[in-house]
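Here is final_18.txt, consisting of compact mmCIF, C-alpha atoms:
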# COMPACT_ATOMS: atom_id res chain seq x y z
CA MET A 26 0.00 0.00 0.00
CA LYS A 27 1.02 3.56 -0.60
CA LYS A 28 2.08 5.24 2.63
CA GLY A 29 1.99 8.92 3.49
CA LEU A 30 5.42 10.46 3.24
CA GLY A 31 5.10 12.20 6.58
CA ALA A 32 4.76 8.84 8.29
CA VAL A 33 7.69 7.50 6.33
CA ILE A 34 10.19 10.20 7.13
CA THR A 35 9.35 10.44 10.81
CA SER A 36 9.60 6.73 11.51
CA ILE A 37 13.06 5.75 10.34
CA ALA A 38 14.26 2.70 12.19
CA PHE A 39 17.72 1.19 12.14
CA THR A 40 19.15 -2.24 12.74
CA ALA A 41 22.70 -3.53 12.57
CA SER A 42 23.88 -4.68 9.19
CA SER A 43 25.14 -8.21 8.66
CA LEU A 44 27.02 -7.22 5.51
CA CYS A 45 30.74 -6.62 5.10
CA TYR A 46 30.54 -3.21 6.73
CA ALA A 47 27.58 -2.07 8.80
CA GLY A 48 28.49 1.53 9.37
CA PRO A 49 27.84 3.37 12.63
CA GLY A 50 25.18 2.37 15.10
CA PRO A 51 21.62 3.67 15.40
CA GLU A 52 21.27 7.42 15.05
CA LYS A 53 18.68 9.92 13.98
CA GLU A 54 19.35 10.53 10.27
CA ASN A 55 17.75 13.93 9.80
CA TRP A 56 19.62 14.50 6.55
CA LEU A 57 18.22 11.28 5.13
CA ALA A 58 14.66 12.06 6.15
CA LYS A 59 14.90 15.49 4.57
CA SER A 60 16.34 14.01 1.39
CA VAL A 61 13.56 11.44 1.05
CA ASN A 62 10.99 14.17 1.56
CA THR A 63 12.52 16.34 -1.17
CA ILE A 64 12.99 13.42 -3.54
CA SER A 65 9.36 12.35 -3.23
CA TYR A 66 8.08 15.86 -3.84
CA GLN A 67 10.37 16.65 -6.76
CA LEU A 68 9.81 13.37 -8.59
CA THR A 69 6.05 13.49 -8.12
CA ARG A 70 5.90 17.00 -9.53
CA ALA A 71 8.34 16.23 -12.36
CA ALA A 72 6.36 13.18 -13.47
CA LYS A 73 3.19 15.27 -13.65
CA THR A 74 4.93 18.15 -15.44
CA TYR A 75 7.03 16.49 -18.13
CA VAL A 76 6.07 14.42 -21.16
CA PRO A 77 7.31 10.84 -21.71
CA GLY A 78 9.78 10.77 -24.59
CA GLN A 79 10.86 14.34 -23.80
CA ASN A 80 12.52 13.65 -20.47
CA PRO A 81 14.13 16.34 -18.31
CA ARG A 82 17.91 16.37 -18.87
CA SER A 83 19.26 19.69 -17.50
CA VAL A 84 18.63 23.43 -17.40
CA ASN A 85 19.80 25.79 -20.13
CA PRO A 86 21.79 28.96 -19.28
CA ASN A 87 18.65 31.04 -19.88
CA GLY A 88 16.76 29.04 -17.26
CA THR A 89 14.68 26.92 -19.62
CA LEU A 90 14.52 23.15 -19.48
CA ARG A 91 16.75 21.05 -21.71
CA VAL A 92 14.97 17.83 -22.61
CA ALA A 93 16.32 14.44 -23.61
CA PRO A 94 14.44 13.00 -26.61
CA VAL A 95 14.23 9.25 -27.05
CA GLN A 96 17.51 9.08 -29.00
CA ASP A 97 19.51 11.06 -26.41
CA TRP A 98 22.13 9.13 -24.44
CA THR A 99 20.62 10.33 -21.16
CA THR A 100 17.02 9.45 -22.00
CA GLY A 101 16.88 6.46 -19.62
CA PHE A 102 17.97 8.32 -16.50
CA PHE A 103 14.69 10.06 -15.64
CA PRO A 104 12.62 6.85 -15.83
CA GLY A 105 15.38 5.13 -13.85
CA THR A 106 15.29 7.87 -11.23
CA LEU A 107 11.53 7.37 -10.89
CA TRP A 108 12.13 3.66 -10.36
CA TYR A 109 14.73 4.42 -7.69
CA GLY A 110 12.31 6.90 -6.14
CA TYR A 111 9.72 4.15 -5.93
CA GLU A 112 12.27 1.79 -4.40
CA LEU A 113 13.18 4.44 -1.85
CA THR A 114 9.68 5.57 -0.85
CA LYS A 115 7.48 2.60 -1.82
CA ASP A 116 5.11 5.13 -3.36
CA THR A 117 3.13 3.17 -5.95
CA GLU A 118 2.27 6.36 -7.83
CA LEU A 119 5.97 6.77 -8.63
CA ALA A 120 6.01 3.19 -9.92
CA LYS A 121 3.12 3.97 -12.26
CA GLU A 122 4.89 7.07 -13.55
CA ALA A 123 8.15 5.16 -13.93
CA ARG A 124 6.38 2.59 -16.08
CA ARG A 125 4.77 5.32 -18.20
CA PHE A 126 8.07 7.07 -18.88
CA THR A 127 9.92 3.78 -19.42
CA LEU A 128 7.60 2.30 -22.03
CA GLN A 129 7.86 5.44 -24.14
CA LEU A 130 11.48 4.43 -24.87
CA ASP A 131 10.58 1.22 -26.71
CA SER A 132 12.19 2.36 -29.98
CA VAL A 133 15.59 2.54 -28.29
CA ARG A 134 15.76 -1.22 -28.74
CA TYR A 135 16.43 -0.64 -32.46
CA ILE A 136 19.29 1.83 -32.02
CA THR A 137 22.63 0.41 -33.17
CA ASN A 138 24.98 3.38 -33.44
CA THR A 139 26.01 3.91 -29.81
CA HIS A 140 27.38 2.14 -26.75
CA ASP A 141 24.97 4.10 -24.55
CA LEU A 142 22.29 1.42 -24.74
CA GLY A 143 23.08 0.45 -21.18
CA PHE A 144 22.35 3.95 -19.93
CA MET A 145 19.28 4.20 -22.14
CA LEU A 146 17.70 0.79 -21.53
CA TYR A 147 19.23 -0.85 -18.47
CA CYS A 148 18.65 2.20 -16.27
CA SER A 149 15.00 2.37 -17.32
CA TYR A 150 13.73 -1.03 -18.48
CA GLY A 151 16.28 -2.87 -16.37
CA ASN A 152 15.19 -1.25 -13.13
CA GLY A 153 11.57 -1.71 -14.10
CA TYR A 154 12.09 -5.44 -14.53
CA ARG A 155 14.22 -5.71 -11.39
CA LEU A 156 11.60 -4.07 -9.20
CA THR A 157 8.42 -5.55 -10.71
CA GLY A 158 9.37 -8.77 -12.50
CA ASP A 159 7.11 -7.65 -15.36
CA LYS A 160 8.25 -9.53 -18.47
CA THR A 161 6.92 -6.73 -20.66
CA TYR A 162 10.31 -5.10 -20.22
CA LEU A 163 12.35 -8.06 -21.46
CA ALA A 164 11.91 -7.74 -25.23
CA ALA A 165 13.44 -4.27 -25.41
CA LEU A 166 16.25 -5.35 -23.10
CA ALA A 167 17.00 -8.41 -25.23
CA ASP A 168 17.20 -6.36 -28.42
CA GLY A 169 19.30 -3.65 -26.78
CA ALA A 170 21.81 -6.13 -25.38
CA LYS A 171 22.12 -7.83 -28.77
CA ASN A 172 22.85 -4.48 -30.42
CA LEU A 173 25.38 -3.52 -27.77
CA SER A 174 27.16 -6.85 -28.13
CA ALA A 175 27.34 -6.33 -31.89
CA ARG A 176 29.58 -3.29 -31.28
CA PHE A 177 32.31 -5.50 -29.82
CA SER A 178 35.32 -6.23 -32.04
CA THR A 179 37.59 -9.21 -31.55
CA LYS A 180 40.34 -7.24 -33.32
CA THR A 181 40.37 -4.44 -30.78
CA GLY A 182 39.05 -6.34 -27.76
CA VAL A 183 36.67 -3.52 -26.91
CA ILE A 184 33.18 -2.20 -27.66
CA ARG A 185 33.15 0.83 -29.94
CA SER A 186 31.69 3.83 -28.16
CA TRP A 187 30.92 6.40 -30.85
CA ASP A 188 30.18 6.39 -34.57
CA PHE A 189 31.05 10.07 -34.96
CA GLY A 190 34.10 12.31 -34.68
CA VAL A 191 37.60 12.26 -36.15
CA TRP A 192 38.63 9.01 -34.48
CA HIS A 193 39.05 5.59 -36.05
CA TYR A 194 37.62 3.37 -33.31
CA PRO A 195 36.92 5.50 -30.21
CA VAL A 196 36.40 3.94 -26.80
CA ILE A 197 35.55 6.16 -23.83
CA ILE A 198 35.87 5.33 -20.15
CA ASP A 199 32.10 5.88 -19.83
CA ASN A 200 31.68 2.62 -21.73
CA MET A 201 32.64 0.70 -18.58
CA MET A 202 29.21 1.54 -17.19
CA ASN A 203 27.35 -0.19 -20.00
CA LEU A 204 29.09 -3.51 -19.35
CA GLU A 205 26.64 -4.11 -16.52
CA PHE A 206 23.89 -4.43 -19.12
CA LEU A 207 25.85 -7.18 -20.87
CA TYR A 208 26.63 -9.08 -17.67
CA TRP A 209 22.96 -9.02 -16.71
CA ALA A 210 21.81 -9.99 -20.20
CA ALA A 211 24.28 -12.86 -20.34
CA LYS A 212 22.54 -14.47 -17.37
CA THR A 213 18.98 -13.44 -18.16
CA PHE A 214 19.00 -14.49 -21.83
CA ASN A 215 21.55 -17.31 -21.59
CA GLN A 216 24.10 -15.53 -23.74
CA PRO A 217 27.51 -16.24 -22.14
CA LEU A 218 29.25 -14.48 -25.01
CA TYR A 219 27.95 -11.16 -23.68
CA ALA A 220 29.78 -11.66 -20.39
CA GLN A 221 32.96 -12.70 -22.17
CA GLU A 222 32.85 -9.55 -24.27
CA ALA A 223 32.25 -7.39 -21.21
CA SER A 224 35.22 -8.87 -19.35
CA THR A 225 37.46 -8.60 -22.40
CA HIS A 226 36.49 -4.96 -22.82
CA ALA A 227 37.24 -4.28 -19.13
CA THR A 228 40.63 -6.00 -19.38
CA THR A 229 41.63 -4.14 -22.53
CA THR A 230 40.49 -0.84 -21.03
CA MET A 231 42.47 -1.53 -17.89
CA LYS A 232 45.56 -1.99 -20.03
CA ASN A 233 45.17 1.07 -22.26
CA HIS A 234 43.08 3.72 -20.51
CA PHE A 235 44.97 4.12 -17.25
CA ARG A 236 48.10 6.00 -16.27
CA LYS A 237 50.61 4.81 -13.69
CA ASN A 238 48.76 6.67 -10.93
CA TYR A 239 45.49 4.94 -11.93
CA SER A 240 43.87 8.04 -13.29
CA SER A 241 42.34 7.49 -16.71
CA TYR A 242 42.19 9.09 -20.09
CA HIS A 243 38.73 9.81 -21.36
CA LEU A 244 39.12 8.36 -24.85
CA VAL A 245 41.43 5.83 -26.47
CA ASP A 246 41.41 5.57 -30.25
CA TYR A 247 42.21 2.16 -31.75
CA ASP A 248 43.12 0.95 -35.21
CA PRO A 249 40.01 -1.08 -36.08
CA GLU A 250 42.02 -3.62 -38.10
CA THR A 251 44.99 -4.24 -35.81
CA GLY A 252 43.79 -3.13 -32.37
CA LYS A 253 46.83 -0.86 -32.04
CA VAL A 254 46.35 2.20 -29.84
CA LEU A 255 46.52 5.28 -32.06
CA ASP A 256 45.86 8.06 -29.57
CA LYS A 257 44.88 8.80 -25.98
CA VAL A 258 42.96 11.97 -25.16
CA THR A 259 40.77 13.45 -22.47
CA HIS A 260 38.03 14.78 -24.68
CA GLN A 261 35.91 16.35 -21.93
CA GLY A 262 38.74 17.19 -19.55
CA LEU A 263 41.07 20.14 -19.15
CA THR A 264 43.93 18.62 -21.15
CA ASN A 265 44.75 15.22 -22.61
CA GLU A 266 46.80 14.42 -19.50
CA SER A 267 44.33 15.78 -16.94
CA SER A 268 41.98 13.78 -14.75
CA TRP A 269 38.41 14.56 -15.75
CA ALA A 270 36.41 13.99 -12.58
CA ARG A 271 33.44 12.11 -13.98
CA GLY A 272 35.78 9.90 -15.99
CA GLN A 273 37.49 8.79 -12.79
CA ALA A 274 34.05 8.09 -11.31
CA TRP A 275 33.01 5.98 -14.31
CA GLY A 276 36.16 3.89 -13.95
CA LEU A 277 35.71 3.32 -10.21
CA TYR A 278 32.10 2.30 -10.66
CA GLY A 279 32.83 0.14 -13.70
CA TYR A 280 35.57 -1.99 -12.18
CA THR A 281 33.68 -2.46 -8.92
CA MET A 282 30.72 -3.68 -10.97
CA CYS A 283 32.95 -5.97 -13.06
CA TYR A 284 34.30 -7.60 -9.93
CA LYS A 285 30.80 -8.08 -8.56
CA ASN A 286 29.82 -9.90 -11.74
CA THR A 287 32.97 -11.98 -12.26
CA GLN A 288 34.76 -12.30 -8.91
CA ASP A 289 37.95 -11.64 -10.90
CA LYS A 290 40.35 -10.10 -8.39
CA LYS A 291 42.16 -8.01 -10.97
CA PHE A 292 39.00 -5.95 -11.34
CA LEU A 293 38.72 -5.51 -7.57
CA GLU A 294 42.35 -4.42 -7.34
CA GLN A 295 41.78 -1.92 -10.15
CA ALA A 296 38.74 -0.49 -8.39
CA GLU A 297 40.67 -0.06 -5.15
CA ARG A 298 43.54 1.69 -6.92
CA ILE A 299 41.16 4.09 -8.65
CA ALA A 300 39.43 4.70 -5.31
CA ALA A 301 42.79 5.58 -3.72
CA PHE A 302 43.54 8.05 -6.50
CA ILE A 303 40.19 9.80 -5.97
CA MET A 304 40.01 9.72 -2.19
CA HIS A 305 43.56 10.92 -1.59
CA HIS A 306 43.83 13.44 -4.38
CA PRO A 307 45.27 16.73 -3.06
CA GLN A 308 42.77 18.71 -5.13
CA MET A 309 39.72 17.02 -3.64
CA PRO A 310 37.79 19.68 -1.68
CA LYS A 311 37.00 19.08 1.97
CA ASP A 312 33.33 18.47 1.21
CA LYS A 313 34.34 15.68 -1.22
CA ILE A 314 32.51 17.14 -4.21
CA PRO A 315 35.19 17.36 -6.91
CA ALA A 316 35.69 20.13 -9.40
CA TRP A 317 34.87 19.10 -12.98
CA ASP A 318 38.53 18.17 -13.52
CA PHE A 319 41.03 17.38 -10.78
CA ASP A 320 43.73 19.33 -12.57
CA VAL A 321 42.08 22.72 -12.96
CA HIS A 322 44.27 25.28 -11.21
CA ASN A 323 41.49 26.58 -9.00
CA ALA A 324 39.94 23.21 -8.16
CA LEU A 325 39.91 24.20 -4.49
CA ASP A 326 38.79 27.76 -5.07
CA GLY A 327 36.00 28.58 -7.43
CA ALA A 328 36.09 25.94 -10.16
CA PRO A 329 32.64 24.55 -10.98
CA ARG A 330 31.91 21.44 -8.93
CA ASP A 331 30.47 18.28 -10.41
CA ALA A 332 27.81 16.76 -8.20
CA SER A 333 27.24 14.06 -10.82
CA ALA A 334 30.81 12.79 -10.37
CA ALA A 335 30.36 12.85 -6.60
CA ALA A 336 27.10 10.87 -6.78
CA ILE A 337 28.70 8.21 -9.01
CA ILE A 338 31.71 7.98 -6.69
CA ALA A 339 29.44 7.59 -3.65
CA SER A 340 27.41 4.82 -5.27
CA ALA A 341 30.56 3.01 -6.40
CA LEU A 342 32.27 3.25 -3.01
CA LEU A 343 29.22 1.91 -1.22
CA ASP A 344 29.28 -1.07 -3.56
CA LEU A 345 33.03 -1.48 -3.15
CA SER A 346 32.71 -1.40 0.64
CA GLN A 347 30.99 -4.78 0.48
CA TYR A 348 33.83 -6.60 -1.25
CA THR A 349 37.02 -5.46 0.47
CA LYS A 350 38.69 -5.42 3.85
CA ASP A 351 38.88 -1.65 3.68
CA GLY A 352 35.12 -1.41 3.52
CA SER A 353 34.71 0.96 6.46
CA SER A 354 36.80 3.72 4.87
CA TYR A 355 34.92 3.43 1.57
CA PHE A 356 31.58 3.46 3.34
CA LYS A 357 32.47 6.50 5.44
CA TYR A 358 33.73 8.45 2.43
CA ALA A 359 30.54 7.70 0.51
CA GLU A 360 28.41 8.61 3.51
CA ASP A 361 30.20 11.96 3.76
CA ILE A 362 29.46 12.62 0.07
CA LEU A 363 25.78 11.78 0.51
CA LYS A 364 25.47 14.05 3.52
CA THR A 365 27.08 16.90 1.58
CA LEU A 366 24.84 16.35 -1.45
CA SER A 367 21.87 16.42 0.90
CA THR A 368 22.67 19.92 2.18
CA GLU A 369 21.03 23.09 0.89
CA GLU A 370 24.21 23.86 -1.04
CA TYR A 371 23.63 20.92 -3.40
CA MET A 372 20.03 19.82 -2.94
CA ALA A 373 17.18 21.82 -4.39
CA LYS A 374 14.34 23.13 -2.29
CA PRO A 375 11.00 21.43 -3.04
CA GLY A 376 9.38 23.02 -6.06
CA GLU A 377 12.58 24.64 -7.36
CA ASN A 378 15.32 23.62 -9.79
CA HIS A 379 12.81 22.52 -12.48
CA PHE A 380 12.06 19.61 -10.10
CA PHE A 381 15.57 18.17 -10.39
CA ILE A 382 16.93 17.00 -7.04
CA LEU A 383 20.59 18.05 -7.14
CA LYS A 384 22.25 21.28 -8.22
CA HIS A 385 25.80 22.09 -9.37
CA SER A 386 26.85 19.51 -11.94
CA VAL A 387 28.97 19.91 -15.07
CA GLY A 388 28.38 18.17 -18.38
CA ALA A 389 31.18 19.28 -20.73
CA PHE A 390 32.96 22.39 -19.49
CA LEU A 391 35.31 22.86 -22.45
CA TYR A 392 32.36 22.88 -24.84
CA ASN A 393 30.37 25.32 -22.72
CA SER A 394 27.72 22.66 -22.29
CA GLU A 395 25.73 22.13 -19.08
CA ILE A 396 27.92 24.06 -16.66
CA ASP A 397 26.77 24.44 -13.04
CA THR A 398 23.38 22.94 -13.74
CA PRO A 399 21.25 20.02 -12.57
CA LEU A 400 21.77 16.85 -14.59
CA ASP A 401 19.47 13.85 -14.90
CA TYR A 402 22.27 11.37 -14.26
CA ALA A 403 23.39 13.20 -11.13
CA ASP A 404 19.93 12.56 -9.68
CA TYR A 405 19.95 8.97 -10.90
CA TYR A 406 23.21 7.98 -9.21
CA TYR A 407 22.40 9.97 -6.08
CA LEU A 408 19.21 7.95 -5.64
CA GLU A 409 21.04 4.73 -6.44
CA ALA A 410 23.61 5.59 -3.77
CA LEU A 411 20.88 6.35 -1.22
CA ASN A 412 19.22 3.01 -1.90
CA ARG A 413 22.57 1.24 -1.49
CA TYR A 414 23.26 3.15 1.70
CA ILE A 415 19.89 2.20 3.14
CA THR A 416 20.38 -1.44 2.19
CA ILE A 417 23.84 -1.66 3.76
CA LYS A 418 22.74 -0.03 7.00
CA LYS A 419 19.41 -1.89 6.95
CA ILE A 420 17.46 1.28 7.47
CA ASP A 421 13.72 0.64 7.45
CA LEU A 422 12.08 3.73 6.02
CA GLN A 423 8.67 2.16 6.43
CA ASN A 424 9.16 1.26 10.10
CA LYS A 425 8.20 -2.31 9.42
CA LYS A 426 8.45 -4.62 12.38

Exercise: express the given structure as structure tokens:
Amino acid sequence: MKKGLGAVITSIAFTASSLCYAGPGPEKENWLAKSVNTISYQLTRAAKTYVPGQNPRSVNPNGTLRVAPVQDWTTGFFPGTLWYGYELTKDTELAKEARRFTLQLDSVRYITNTHDLGFMLYCSYGNGYRLTGDKTYLAALADGAKNLSARFSTKTGVIRSWDFGVWHYPVIIDNMMNLEFLYWAAKTFNQPLYAQEASTHATTTMKNHFRKNYSSYHLVDYDPETGKVLDKVTHQGLTNESSWARGQAWGLYGYTMCYKNTQDKKFLEQAERIAAFIMHHPQMPKDKIPAWDFDVHNALDGAPRDASAAAIIASALLDLSQYTKDGSSYFKYAEDILKTLSTEEYMAKPGENHFFILKHSVGAFLYNSEIDTPLDYADYYYLEALNRYITIKKIDLQNKK
């Protein structure tokens, strides 16, 4: 049954966690209650305001809404955020809206010219199936996974990311995120080749994308016939040798997820090394919300922050905390991020921010695109992180006995 939000947020109960790291003992989580309240309000209003197939993506410099049409790489994040909102609040109205916005993306199953099918379909249809078991979602997921798999090349050992630009066979670090779709599809549709391709891609990326300090380039260009690396650039970062913040977050999340799906320790070790680079970086601000690139000269003083990178890092570290002996430090770091994102500095007031939840993210600074604005994927990974946090600490938002 749908429960009133007031009852939900005033009756948070805690029990000890039996997982790898339980976190601190029972305490009154006012920041969490406030966040759930804001999330419920914003998502309910957004779902009633926006039109399926024209999903909210960000806010333009003139204050108008930027939408994500069905073909946009971010189109799956708003439906996915609604699903996470339902998981968080148990509000069945959010589930109905999530289904409505998800099913409008059916034509994505026929798209073949991008690696972003994981973002587009797994975040929307995948969460819908995970939370409801409704087999209606499976056909689009099956087609999308098949098309993503078809972008893998045995010559390069990686999945091609883009079909545009000056590159020969471009692969971006973001692509690590879409491997989760293939791992899931391999099990769900009995297609073991998908998992093999995902692991091969992760291994090749580990070899070619990362520097000695375990920071990563954004893009590696391959010779499509020989697999030889032709160039390494940081397309959305400050310079080719800089550490673009969201790129580091994608890598951390991706290798943690690969370990979870394979139990291959080289992926776990890679995730921990990336985590160390991020957590101990001298340019990381005290509030743990990174500037858009770790190497901007004023990263600690005035550079635009990227809440989307912080949300991805928090979600990844919470996941990583369950698989390593150093789980407590990862959990605490992620918890600090979530508490910061839940302050008035980063979280919108109910009814503001075009009904987005978080403020202060950066899409592509060098291209003057989506600077200091809400972003749909910042909200998505923030809600994912909150759900992971609640699961690890075994917080009962519904006060069930």

Long-range neighbours of stretch 371-378 of chain A as number ranges by chain, 10 Å cut-off, only C-alpha atoms, 2 positions minimum in chain: A: 60, 62-68, 70-71, 83-84, 88, 90, 314, 330, 332, 364-369, 380-386, 398-399, 404

Output C-alpha atoms for every residue in that selection, as a PDB file, in the coordinates of the input.
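Once everything was written out, this is selection.pdb:
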ATOM      1  CA  SER A  60      16.340  14.010   1.390  1.00  0.00           C
ATOM      2  CA  ASN A  62      10.990  14.170   1.560  1.00  0.00           C
ATOM      3  CA  THR A  63      12.520  16.340  -1.170  1.00  0.00           C
ATOM      4  CA  ILE A  64      12.990  13.420  -3.540  1.00  0.00           C
ATOM      5  CA  SER A  65       9.360  12.350  -3.230  1.00  0.00           C
ATOM      6  CA  TYR A  66       8.080  15.860  -3.840  1.00  0.00           C
ATOM      7  CA  GLN A  67      10.370  16.650  -6.760  1.00  0.00           C
ATOM      8  CA  LEU A  68       9.810  13.370  -8.590  1.00  0.00           C
ATOM      9  CA  ARG A  70       5.900  17.000  -9.530  1.00  0.00           C
ATOM     10  CA  ALA A  71       8.340  16.230 -12.360  1.00  0.00           C
ATOM     11  CA  SER A  83      19.260  19.690 -17.500  1.00  0.00           C
ATOM     12  CA  VAL A  84      18.630  23.430 -17.400  1.00  0.00           C
ATOM     13  CA  GLY A  88      16.760  29.040 -17.260  1.00  0.00           C
ATOM     14  CA  LEU A  90      14.520  23.150 -19.480  1.00  0.00           C
ATOM     15  CA  ILE A 314      32.510  17.140  -4.210  1.00  0.00           C
ATOM     16  CA  ARG A 330      31.910  21.440  -8.930  1.00  0.00           C
ATOM     17  CA  ALA A 332      27.810  16.760  -8.200  1.00  0.00           C
ATOM     18  CA  LYS A 364      25.470  14.050   3.520  1.00  0.00           C
ATOM     19  CA  THR A 365      27.080  16.900   1.580  1.00  0.00           C
ATOM     20  CA  LEU A 366      24.840  16.350  -1.450  1.00  0.00           C
ATOM     21  CA  SER A 367      21.870  16.420   0.900  1.00  0.00           C
ATOM     22  CA  THR A 368      22.670  19.920   2.180  1.00  0.00           C
ATOM     23  CA  GLU A 369      21.030  23.090   0.890  1.00  0.00           C
ATOM     24  CA  PHE A 380      12.060  19.610 -10.100  1.00  0.00           C
ATOM     25  CA  PHE A 381      15.570  18.170 -10.390  1.00  0.00           C
ATOM     26  CA  ILE A 382      16.930  17.000  -7.040  1.00  0.00           C
ATOM     27  CA  LEU A 383      20.590  18.050  -7.140  1.00  0.00           C
ATOM     28  CA  LYS A 384      22.250  21.280  -8.220  1.00  0.00           C
ATOM     29  CA  HIS A 385      25.800  22.090  -9.370  1.00  0.00           C
ATOM     30  CA  SER A 386      26.850  19.510 -11.940  1.00  0.00           C
ATOM     31  CA  THR A 398      23.380  22.940 -13.740  1.00  0.00           C
ATOM     32  CA  PRO A 399      21.250  20.020 -12.570  1.00  0.00           C
ATOM     33  CA  ASP A 404      19.930  12.560  -9.680  1.00  0.00           C
TER      34      ASP A 404
END

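From atom CA of A:Tyr219 back to atom CA of A:Tyr154, the distance works out to 19.2 Å.
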
With a cut-off of 10 Å, could you pull out the residues of stretch 129-159 of chain A touching stretch 108-124 of chain A and give me the nearest pair of atoms for each, distance in Å to one decimal, using all atoms listed in the file, ordered by chain and ascending number, as a tab-separated table?
residue	atom	partner	partner_atom	distance
A:Gln129	CA	A:Arg124	CA	8.7
A:Cys148	CA	A:Trp108	CA	8.9
A:Ser149	CA	A:Trp108	CA	7.6
A:Tyr150	CA	A:Arg124	CA	8.5
A:Gly151	CA	A:Trp108	CA	9.8
A:Asn152	CA	A:Trp108	CA	6.4
A:Gly153	CA	A:Trp108	CA	6.6
A:Tyr154	CA	A:Arg124	CA	10.0
A:Arg155	CA	A:Trp108	CA	9.7
A:Leu156	CA	A:Glu112	CA	7.6
A:Thr157	CA	A:Ala120	CA	9.1

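Across the model, the gap from atom CA of A:Pro77 to atom CA of A:Ala93 is 9.9 Å.
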
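With only C-alpha atoms as the basis for measurement, A:Ala410 is the residue among A:Val254, A:Ala334, A:Ala410, A:Leu391 that approaches A:Ala359 most closely.
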
Considering all atoms listed in the file, tabulate each residue of stretch 246-313 of chain A that lies at most 12 Å from stretch 182-198 of chain A along with its nearest interatomic pair and the corresponding distance in Å to one decimal; arrange the rows by chain and ascending residue number and present them as CSV.
residue,atom,partner,partner_atom,distance
A:Asp246,CA,A:Pro195,CA,4.5
A:Tyr247,CA,A:Tyr194,CA,5.0
A:Asp248,CA,A:His193,CA,6.2
A:Pro249,CA,A:Tyr194,CA,5.8
A:Glu250,CA,A:Tyr194,CA,9.5
A:Thr251,CA,A:Gly182,CA,10.2
A:Gly252,CA,A:Gly182,CA,7.4
A:Lys253,CA,A:Tyr194,CA,10.2
A:Val254,CA,A:Tyr194,CA,9.5
A:Leu255,CA,A:His193,CA,8.5
A:Asp256,CA,A:Trp192,CA,8.8
A:Lys257,CA,A:Pro195,CA,9.6
A:Val258,CA,A:Ile197,CA,9.5
A:Thr259,CA,A:Ile197,CA,9.1
A:His260,CA,A:Ile197,CA,9.0
A:Gln261,CA,A:Ile197,CA,10.4
A:Ser268,CA,A:Ile198,CA,11.7
A:Trp269,CA,A:Ile198,CA,10.5
A:Ala270,CA,A:Ile198,CA,11.5
A:Arg271,CA,A:Ile198,CA,9.5
A:Gly272,CA,A:Ile198,CA,6.2
A:Gln273,CA,A:Ile198,CA,8.3
A:Ala274,CA,A:Ile198,CA,9.4
A:Trp275,CA,A:Ile198,CA,6.5
A:Gly276,CA,A:Ile198,CA,6.4
A:Leu277,CA,A:Ile198,CA,10.1
A:Tyr278,CA,A:Ile198,CA,10.7
A:Gly279,CA,A:Ile198,CA,8.8
A:Tyr280,CA,A:Ile198,CA,10.8

Selected residue of minimal separation from A:Leu345 among A:Ala328, A:Met282, A:Ala403, A:Leu166, counting all atoms listed in the file: A:Met282

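When all atoms listed in the file are used to measure the gap to A:Gly105, the shortest distance among A:Leu146, A:Val133, A:Ile338, A:Ala389 belongs to A:Leu146.
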
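Proximity to A:Tyr239 was assessed for A:Ala339, A:Lys160, A:Tyr355, A:Glu294 counting only C-alpha atoms; the smallest distance is recorded for A:Glu294.
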
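We find atom CA of A:Gly262 and atom CA of A:Tyr406 to be spaced 20.8 Å apart.
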
Expected file for stretch 181-189 of chain A keeping N, CA and C atoms, as a PDB file, in the first residue's frame:
ATOM      1  N   THR A 181      39.959  -5.446 -31.765  1.00  0.00           N
ATOM      2  CA  THR A 181      40.368  -4.439 -30.781  1.00  0.00           C
ATOM      3  C   THR A 181      40.218  -4.931 -29.342  1.00  0.00           C
ATOM      4  N   GLY A 182      39.314  -5.856 -29.116  1.00  0.00           N
ATOM      5  CA  GLY A 182      39.049  -6.345 -27.761  1.00  0.00           C
ATOM      6  C   GLY A 182      38.204  -5.401 -26.942  1.00  0.00           C
ATOM      7  N   VAL A 183      37.509  -4.482 -27.605  1.00  0.00           N
ATOM      8  CA  VAL A 183      36.666  -3.519 -26.907  1.00  0.00           C
ATOM      9  C   VAL A 183      35.403  -3.229 -27.710  1.00  0.00           C
ATOM     10  N   ILE A 184      34.434  -2.627 -27.041  1.00  0.00           N
ATOM     11  CA  ILE A 184      33.178  -2.200 -27.657  1.00  0.00           C
ATOM     12  C   ILE A 184      33.352  -0.770 -28.154  1.00  0.00           C
ATOM     13  N   ARG A 185      33.055  -0.528 -29.398  1.00  0.00           N
ATOM     14  CA  ARG A 185      33.154   0.826 -29.940  1.00  0.00           C
ATOM     15  C   ARG A 185      32.134   1.733 -29.268  1.00  0.00           C
ATOM     16  N   SER A 186      32.578   2.912 -28.858  1.00  0.00           N
ATOM     17  CA  SER A 186      31.690   3.835 -28.160  1.00  0.00           C
ATOM     18  C   SER A 186      30.883   4.690 -29.125  1.00  0.00           C
ATOM     19  N   TRP A 187      31.577   5.419 -29.996  1.00  0.00           N
ATOM     20  CA  TRP A 187      30.921   6.403 -30.852  1.00  0.00           C
ATOM     21  C   TRP A 187      31.085   6.078 -32.327  1.00  0.00           C
ATOM     22  N   ASP A 188      30.104   6.500 -33.109  1.00  0.00           N
ATOM     23  CA  ASP A 188      30.185   6.394 -34.565  1.00  0.00           C
ATOM     24  C   ASP A 188      30.347   7.770 -35.204  1.00  0.00           C
ATOM     25  N   PHE A 189      30.846   8.719 -34.435  1.00  0.00           N
ATOM     26  CA  PHE A 189      31.046  10.066 -34.958  1.00  0.00           C
ATOM     27  C   PHE A 189      32.436  10.560 -34.546  1.00  0.00           C
TER      28      PHE A 189
END
